[in-house]
Amino acid sequence: MEKHYQILIVGGGNAGLSVASQLLRKRKGLNIGIIEPSENHYYQPAWTLVGAGIFDINKTMRNEKDFIPKNATWIKEAVAEFNPNSNKVICSSGKEISYDYLIICPGIQLDWNKIKGLKETLGKNNVSSNYNFNSAPYTWEMIKNFKGGIAVFTNPSTPIKCGGAPHKIMYLAVDYWRKKGILDKCDIHYISGATVIFGVPEYKATLEEVLKKGNIKVHYSANTIGIDGNNKTIEFETKSTPSTIKQSLSETTAPCYSINEASQSDLANKVTLSFDLCHAVPPQSAPDFIKKSPLADASNPYGYVEVNKNTMQHSRFANVFALGDCTNAPCSKTGAAIRKQAPVVVNNLLEVMDKQPVTAQYDGYSACPIPTQYGKLMLAEFDYNNKPKMTFPFDQAKPRWTMWLLKTKVLPWLYWNKILKGTA
């Protein structure tokens with residue numbers, strides 16, 4: 001028999017649980033179902049700290065059942081298909097669930113296979129990623145055992161969750177090697193699909209100084225396409241000219257790279273660089289069941305849910321809302337963004353249910369806590385226009401010890417005890 005819910009939430013992560021909790025705090029009698037296949041719930045912002053050796057990976061995981069609001073129903077299924085014209089969701093088990101209103105927030109998909117060889121070598125051969133629960137502790141093993149050589153950190157050309165994570169771990173590694181007295185033996189490369197280190201000028205200036213101080217060579221508009229763990233090589237594409245590429249590679253790597261110059265039919269030169277340590281970040285996109293659905297933005301190459309970026313209401317289906325990493329809203333994909341989107345979705349959904357015009361607006365707020373060294377952190381806060389939106393009465397572009405405490409102590413506690421319960 002088909003099950004029906006007044007409000008159906010797809011995704012039991014930060015966004016799904018926060019919205020469910022907030023909805024039930026406003027209206028206790030709501031009939032809410034939450035579709036979430038995983039028995040575990042992860043606090044992923046701490047995985048950078050795990051990779052830096054200062055956080056226990058086991059403390060980032062708890063039981064999903066402990067955070068499902070008591071008046072909501074947990075549907076332990078995986079979504080296979082959306083049918084918004086019939087107000088139905090079809091699960092991979094074949095179960096059909098109908099709804100009056102739908103909230104989509106299953107997060108983002110990690111496309112490991114889009115970097116050839118990465119999945120096979122992850123967690124060994126001195127290749128790791130803090131985007132994976134099992135390999136994040138291995139990042140720390142690599143960093144603390146590194147004796148010098150070529151260290152490579154990658155950032156894909158796609159939008160990703162926590163856009164600062166690819167370079168956060170690099171700054172901490174550099175600081176660790178500096179304190180260990182081996183930084184002069186380290187040749188560090190950041191291979192990034194972005195065009196700048198950070199999109200907000202005020203915070204960008206701080207990070208450029210960190211790059212300079214660490215003697216980090218940055219390769220912008222460069223897309224990693226392959227990692228060979230056995231032979232310790234990484235391959236990336238770049239539109240830079242061969243002379244520019246050579247200039248960006250240091251003397252110490254001169255014997256350790258090759259350039260396959262693009263033919264007229266190719267769009268980019270291919271560079272193969274040897275490494276002794278590699279922290280890789282996979283390309284990311286909307287989950288496949290969203291990409292192939294009528295809810296996806298057909299003009300978006302990553303298949304994200306099509307929403308009004310201010311109201312978070314679907315552009316074509318008025319009884320559908322979405323938030324978090326799965327939407328096409330042009331904001332950074334962070335937990336801080338979810339925290340500001342959740343009350344907007346709650347307010348506007350209740351107004352739609354009451355047949356009122358939606359009034360709450362999301363301005364694109366996001367925050368990225370970026371540690372620049374052990375014990376100091378820059379809290380970058382900004383909106384859709386890349387304008388700073390600083391919470392504290394001081395210059396947040398300056399790394400501070402107090403912000404380090406916020407990241408390492410305060411935010412994990414807030415997440416488990418307040419945010420998921422809809423009270424922060």
# chains A, B, ... in the order shown; residues from 1 in each chain; ligands from 1

$ closest_atom_pairs --of "range 113-166 of chain A" --to "range 377-399 of chain A" --cutoff "12 Å" --atoms "only C-alpha atoms" --output "JSON lines"
{"residue": "A:Cys162", "atom": "CA", "partner": "A:Ala380", "partner_atom": "CA", "distance": 11.9}
{"residue": "A:Gly163", "atom": "CA", "partner": "A:Ala380", "partner_atom": "CA", "distance": 11.5}
{"residue": "A:Gly164", "atom": "CA", "partner": "A:Ala380", "partner_atom": "CA", "distance": 9.8}

$ residues_around --residues "Ile160 in chain A" --least-positions-apart "2" --cutoff "9 Å" --atoms "only C-alpha atoms" --output "list in words"
Ile108, Leu110, Asn155, Pro156, Ser157, Thr158, Cys162, Gly163, Val281, Pro282, Pro283, Gln284, Ser285, Asp325, Ser332 and Lys333 of chain A

$ write_last_selection --atoms "C-alpha atoms" --output "compact mmCIF listing (two decimals), in the first residue's frame"
# COMPACT_ATOMS: atom_id res chain seq x y z
CA ILE A 108 25.93 16.26 -3.02
CA LEU A 110 31.17 12.66 -4.87
CA ASN A 155 40.71 21.15 -6.03
CA PRO A 156 38.30 20.19 -8.84
CA SER A 157 36.73 22.55 -11.36
CA THR A 158 33.18 21.66 -10.25
CA CYS A 162 32.97 23.20 1.71
CA GLY A 163 34.91 24.98 -1.01
CA VAL A 281 39.36 16.19 -3.86
CA PRO A 282 36.89 14.52 -6.26
CA PRO A 283 34.63 16.39 -8.68
CA GLN A 284 31.07 16.70 -7.35
CA SER A 285 27.55 17.01 -8.71
CA ASP A 325 24.27 21.26 -1.48
CA SER A 332 28.89 28.26 -1.42
CA LYS A 333 27.81 24.79 -0.38

$ residues_around --residues "Arg178 in chain A" --least-positions-apart "2" --cutoff "12 Å" --atoms "only C-alpha atoms" --output "list in words"
Ile143, Lys144, Phe146, Lys147, Gly148, Tyr171, Leu172, Ala173, Val174, Asp175, Tyr176, Lys180, Gly181, Ile182, Leu183, Asp184, Lys185, Cys186, Lys213, Gly214, Asn215, Gln373 and Tyr374 of chain A

$ residues_around --residues "Val358 in chain A" --least-positions-apart "6" --cutoff "10 Å" --atoms "only C-alpha atoms" --output "list in words"
Thr311, Gln313, Val344, Val345, Asn347, Asn348, Leu349, Leu350, Glu351 and Val352 of chain A

$ residues_around --residues "range 59-64 of chain A" --least-positions-apart "3" --cutoff "8 Å" --atoms "only C-alpha atoms" --output "list of chain:residue names"
A:Gly12, A:Ser38, A:Glu39, A:Asn40, A:His41, A:Tyr42, A:Tyr43, A:Gln44, A:Ala46, A:Trp47, A:Phe55, A:Asp56, A:Phe67, A:Ile68

$ write_last_selection --atoms "N, CA, C and O atoms" --output "tab-separated table (two decimals), in the first residue's frame"
chain	number	residue	atom	x	y	z
A	12	GLY	N	18.36	13.00	5.21
A	12	GLY	CA	18.37	13.12	6.66
A	12	GLY	C	19.69	13.65	7.19
A	12	GLY	O	20.12	13.26	8.28
A	38	SER	N	20.93	5.97	5.24
A	38	SER	CA	22.09	5.68	6.08
A	38	SER	C	21.73	5.59	7.56
A	38	SER	O	20.95	6.40	8.07
A	39	GLU	N	22.32	4.62	8.24
A	39	GLU	CA	22.14	4.50	9.69
A	39	GLU	C	23.06	5.43	10.46
A	39	GLU	O	22.88	5.65	11.66
A	40	ASN	N	24.06	5.97	9.77
A	40	ASN	CA	25.04	6.84	10.41
A	40	ASN	C	24.86	8.30	9.97
A	40	ASN	O	24.47	8.57	8.83
A	41	HIS	N	25.15	9.19	10.89
A	41	HIS	CA	25.12	10.62	10.59
A	41	HIS	C	26.52	11.17	10.88
A	41	HIS	O	27.09	10.87	11.92
A	42	TYR	N	27.04	11.98	9.95
A	42	TYR	CA	28.42	12.44	10.06
A	42	TYR	C	28.50	13.95	10.19
A	42	TYR	O	27.79	14.67	9.49
A	43	TYR	N	29.40	14.41	11.05
A	43	TYR	CA	29.73	15.83	11.12
A	43	TYR	C	30.98	16.04	10.27
A	43	TYR	O	32.11	15.99	10.74
A	44	GLN	N	30.76	16.28	8.99
A	44	GLN	CA	31.85	16.30	8.03
A	44	GLN	C	32.79	17.52	8.15
A	44	GLN	O	33.96	17.41	7.77
A	46	ALA	N	34.42	18.47	10.47
A	46	ALA	CA	35.58	18.13	11.32
A	46	ALA	C	36.58	17.23	10.61
A	46	ALA	O	37.65	16.97	11.16
A	47	TRP	N	36.27	16.78	9.41
A	47	TRP	CA	37.19	15.84	8.74
A	47	TRP	C	38.51	16.50	8.36
A	47	TRP	O	39.54	15.83	8.28
A	55	PHE	N	41.55	15.78	15.69
A	55	PHE	CA	40.16	15.41	15.96
A	55	PHE	C	40.01	13.92	15.73
A	55	PHE	O	40.56	13.37	14.77
A	56	ASP	N	39.25	13.26	16.59
A	56	ASP	CA	39.01	11.82	16.49
A	56	ASP	C	37.90	11.56	15.47
A	56	ASP	O	36.78	12.06	15.62
A	67	PHE	N	18.70	11.35	16.02
A	67	PHE	CA	18.46	12.75	15.65
A	67	PHE	C	17.19	12.94	14.82
A	67	PHE	O	16.88	14.07	14.44
A	68	ILE	N	16.48	11.86	14.55
A	68	ILE	CA	15.18	11.99	13.88
A	68	ILE	C	14.20	12.61	14.88
A	68	ILE	O	14.03	12.07	15.99

$ closest_residue --among "A:Asn300, A:Asn310, A:Ser98, A:Ser92" --to "Lys76 in chain A" --atoms "only C-alpha atoms"
A:Ser92

$ residues_around --residues "Leu24 in chain A" --least-positions-apart "6" --cutoff "10 Å" --atoms "only C-alpha atoms" --output "mmCIF file with N, CA and C atoms, in the first residue's frame"
data_model
loop_
_atom_site.group_PDB
_atom_site.id
_atom_site.type_symbol
_atom_site.label_atom_id
_atom_site.label_comp_id
_atom_site.auth_asym_id
_atom_site.auth_seq_id
_atom_site.Cartn_x
_atom_site.Cartn_y
_atom_site.Cartn_z
ATOM 1 N N LEU A 30 2.189 18.406 12.307
ATOM 2 C CA LEU A 30 2.543 18.097 10.923
ATOM 3 C C LEU A 30 2.900 16.619 10.758
ATOM 4 N N ASN A 31 2.483 16.050 9.644
ATOM 5 C CA ASN A 31 2.802 14.653 9.321
ATOM 6 C C ASN A 31 4.013 14.654 8.386
ATOM 7 N N ILE A 32 5.203 14.367 8.951
ATOM 8 C CA ILE A 32 6.459 14.499 8.204
ATOM 9 C C ILE A 32 7.159 13.151 8.077
ATOM 10 N N PRO A 69 13.556 13.735 14.562
ATOM 11 C CA PRO A 69 12.601 14.328 15.507
ATOM 12 C C PRO A 69 11.527 13.315 15.903
ATOM 13 N N LYS A 70 11.133 13.332 17.167
ATOM 14 C CA LYS A 70 10.262 12.273 17.690
ATOM 15 C C LYS A 70 8.895 12.211 17.016
ATOM 16 N N ASN A 71 8.439 13.313 16.436
ATOM 17 C CA ASN A 71 7.135 13.300 15.770
ATOM 18 C C ASN A 71 7.237 13.141 14.252
ATOM 19 N N ALA A 72 8.447 12.833 13.770
ATOM 20 C CA ALA A 72 8.645 12.570 12.342
ATOM 21 C C ALA A 72 8.891 11.077 12.139
ATOM 22 N N VAL A 346 11.360 26.779 5.869
ATOM 23 C CA VAL A 346 10.289 26.527 6.840
ATOM 24 C C VAL A 346 9.216 27.611 6.753
ATOM 25 N N GLY A 422 17.005 22.049 15.658
ATOM 26 C CA GLY A 422 16.216 23.188 15.201
ATOM 27 C C GLY A 422 16.175 24.365 16.136
#
